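What's in my_file.tsv: TSV, C-alpha atoms
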```
chain	number	residue	atom	x	y	z
U	4	MET	CA	181.55	133.23	50.80
U	5	LYS	CA	180.06	135.99	52.94
U	6	LEU	CA	176.94	136.03	50.73
U	7	ASN	CA	176.50	132.26	51.20
U	8	ILE	CA	176.62	132.58	55.00
U	9	ILE	CA	174.03	135.39	54.90
U	10	THR	CA	171.79	133.35	52.59
U	11	ILE	CA	172.06	130.25	54.76
U	12	THR	CA	171.37	132.31	57.90
U	13	ALA	CA	168.30	133.92	56.29
U	14	VAL	CA	166.91	130.57	55.15
U	15	PHE	CA	167.50	129.10	58.62
U	16	ALA	CA	165.75	132.07	60.25
U	17	LEU	CA	162.74	131.73	57.95
U	18	LEU	CA	162.44	127.99	58.57
U	19	SER	CA	162.78	128.47	62.34
U	20	THR	CA	160.06	131.13	62.31
U	21	ALA	CA	157.76	128.93	60.24
U	22	LEU	CA	158.25	125.98	62.60
U	23	PHE	CA	157.68	128.22	65.63
U	24	TRP	CA	154.36	129.55	64.27
U	25	GLN	CA	153.27	126.06	63.22
U	26	GLY	CA	153.80	124.90	66.80
U	27	CYS	CA	151.71	127.77	68.13
U	28	LYS	CA	148.57	126.85	66.21
U	29	LYS	CA	145.63	125.87	68.37
U	30	ASP	CA	145.52	122.11	68.63
U	31	GLU	CA	142.72	120.61	66.62
U	32	PRO	CA	140.57	118.10	68.46
U	33	LYS	CA	142.01	114.67	68.00
U	34	SER	CA	139.73	112.23	66.30
U	35	ASP	CA	140.14	108.81	67.84
U	36	CYS	CA	137.14	107.22	66.18
U	37	ASN	CA	138.79	103.87	65.75
U	38	ILE	CA	136.22	102.15	67.90
U	39	PRO	CA	135.42	98.79	66.31
U	40	ASN	CA	131.86	98.64	64.97
U	41	ALA	CA	131.18	102.13	66.27
U	42	ASN	CA	127.48	102.38	65.47
U	43	LEU	CA	127.04	104.75	68.37
U	44	SER	CA	123.69	106.26	69.17
U	45	TYR	CA	122.26	108.13	72.11
U	46	ASN	CA	119.76	105.45	73.04
U	47	LEU	CA	122.05	102.44	72.59
U	48	ASN	CA	125.36	103.72	73.99
U	49	ILE	CA	125.63	107.33	75.06
U	50	LYS	CA	122.62	107.74	77.36
U	51	ARG	CA	124.19	105.22	79.75
U	52	ILE	CA	127.37	107.33	79.95
U	53	ILE	CA	125.42	110.58	80.36
U	54	ASP	CA	123.23	109.04	83.08
U	55	GLN	CA	126.28	107.72	84.92
U	56	GLN	CA	128.53	110.76	84.57
U	57	CYS	CA	126.39	113.89	84.08
U	58	ILE	CA	122.86	113.55	85.43
U	59	SER	CA	123.74	114.13	89.08
U	60	CYS	CA	124.36	117.80	88.17
U	61	HIS	CA	122.71	118.33	84.78
U	62	ILE	CA	119.07	117.67	85.63
U	63	THR	CA	116.24	120.01	86.47
U	64	GLY	CA	116.23	120.76	90.19
U	65	SER	CA	119.73	119.48	90.93
U	66	GLY	CA	120.57	122.69	92.78
U	67	VAL	CA	124.16	122.55	91.56
U	68	VAL	CA	125.36	126.10	90.94
U	69	GLY	CA	126.56	126.61	87.38
U	70	ALA	CA	125.20	123.32	86.05
U	71	VAL	CA	123.21	124.26	82.96
U	72	GLY	CA	120.78	122.11	81.07
U	73	ASP	CA	118.83	118.97	81.74
U	74	TYR	CA	120.71	116.06	80.17
U	75	SER	CA	118.15	113.44	81.18
U	76	THR	CA	116.77	113.41	77.62
U	77	TYR	CA	118.25	113.64	74.14
U	78	GLU	CA	116.33	116.86	73.54
U	79	GLY	CA	117.76	118.29	76.76
U	80	ILE	CA	121.40	117.72	75.81
U	81	LYS	CA	121.00	118.49	72.10
U	82	THR	CA	121.28	122.28	72.58
U	83	TYR	CA	124.69	121.79	74.21
U	84	LEU	CA	125.76	119.43	71.44
U	85	ASP	CA	124.67	121.95	68.80
U	86	ASN	CA	126.59	124.83	70.39
U	87	GLY	CA	129.75	122.75	70.95
U	88	LYS	CA	129.75	122.90	74.76
U	89	VAL	CA	129.72	119.12	75.26
U	90	LEU	CA	132.60	118.63	72.81
U	91	ASP	CA	134.56	121.48	74.38
U	92	ARG	CA	134.11	120.53	78.03
U	93	VAL	CA	134.00	116.71	77.86
U	94	VAL	CA	136.30	115.85	74.93
U	95	GLU	CA	138.69	118.78	74.46
U	96	ARG	CA	139.19	120.37	77.89
U	97	LYS	CA	138.22	117.25	79.83
U	98	ASP	CA	137.05	119.35	82.77
U	99	MET	CA	133.64	117.70	82.84
U	100	PRO	CA	132.43	115.90	84.72
U	101	GLN	CA	133.89	117.75	87.66
U	102	GLY	CA	136.33	115.49	89.40
U	103	GLY	CA	137.36	113.81	86.14
U	104	ALA	CA	135.68	110.44	86.81
U	105	MET	CA	134.94	109.82	83.11
U	106	SER	CA	137.21	107.26	81.46
U	107	GLN	CA	139.05	108.02	78.25
U	108	SER	CA	137.07	105.30	76.46
U	109	GLN	CA	133.83	107.05	77.49
U	110	ARG	CA	135.21	110.37	76.21
U	111	ASP	CA	136.23	108.67	72.95
U	112	SER	CA	132.74	107.24	72.55
U	113	ILE	CA	131.18	110.67	73.07
U	114	ASN	CA	133.66	112.21	70.62
U	115	CYS	CA	132.89	109.62	67.91
U	116	TRP	CA	129.17	109.99	68.51
U	117	ILE	CA	129.43	113.78	68.12
U	118	GLU	CA	131.54	113.41	64.95
U	119	ALA	CA	128.88	111.09	63.54
U	120	GLY	CA	126.27	113.83	64.04
U	121	TYR	CA	125.06	112.55	67.45
U	122	PRO	CA	122.38	110.16	66.19
U	123	LYS	CA	119.49	109.49	68.48
```

As C-alpha cells, please, write out the structure in this file.
Amino acid sequence: MKLNIITITAVFALLSTALFWQGCKKDEPKSDCNIPNANLSYNLNIKRIIDQQCISCHITGSGVVGAVGDYSTYEGIKTYLDNGKVLDRVVERKDMPQGGAMSQSQRDSINCWIEAGYPK
C-alpha cells in the first residue's frame, strides 16, 4: 500500500513538472492565415497598409528618432522582412506602429503575406 502511494505521488510529480515546463515554452507565432482568397502581395494589398501605418516614421528624412529603414518601397522594407523585425514588431509583439493604430485584420494580412514569402 505504501509503495502504491509513493508510485502514484512520483507519477503525479513527473506529470506536473512536464505540464509546467510545457506551459513555459515560448509561444510560437499564431498563424491565422484563414483569409479567404488570400493572394496577398506587396503591390496589391500590403503597400496600402504600410503607407497608411508605417510611412510617417519609416521614410528617409522623417526625423523620427529610432525609426529605421525606408518602407516607401518593397526593396526598402525587404531587409526588415528578411531579418524578422517586421514579423516580430508588427505581428508578434504588436508594438508597431507606435500607438497601436493598426487593426488586427491588417496585422493578420501582414502575417499571412510574410508566411507566403512576402511576394512583391

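Between U:Gln55 and the candidates U:Asn86, U:Ser112, U:Ser75, U:Arg96, the tightest atom-to-atom separation, counting all atoms listed in the file, involves U:Ser75.
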
Of the listed residues U:Val93, U:Ile53, U:Val68, U:Leu43, that which approaches U:Tyr121 most closely, counting only C-alpha atoms: U:Leu43

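By chain and then residue number, the residues within 12 Å of stretch 87-89 of chain U are Ile53, Cys57, His61, Val71, Gly72, Tyr74, Ile80, Lys81, Glu95, Arg96, Lys97, Asp98, Met99, Pro100, Arg110, Ile113, Asn114, Trp116, Ile117, Glu118, Gly120 and Tyr121 of chain U, counting only C-alpha atoms and disregarding those fewer than 6 positions away in sequence.
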
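Atom to atom, atom CA of U:Gly102 and atom CA of U:Asp85 stand 24.5 Å apart.
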
Under the rule that all atoms listed in the file are counted, which of U:Asp91, U:Gln107, U:Ile62, U:Cys36 is the nearest residue to U:Gly79? U:Ile62

Residue with smallest distance to U:Asp111 - pool U:Val94, U:Cys60, U:Glu78, U:Asp54, counting all atoms listed in the file: U:Val94

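Nearest to U:Cys115 of all the residues U:Gln56, U:Leu90, U:Gly103, U:Thr63 is U:Leu90, based on all atoms listed in the file.
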
Counting all atoms listed in the file, closest pick from U:Gly69, U:Tyr77, U:Leu84, U:Pro122 relative to U:Lys50 is U:Tyr77
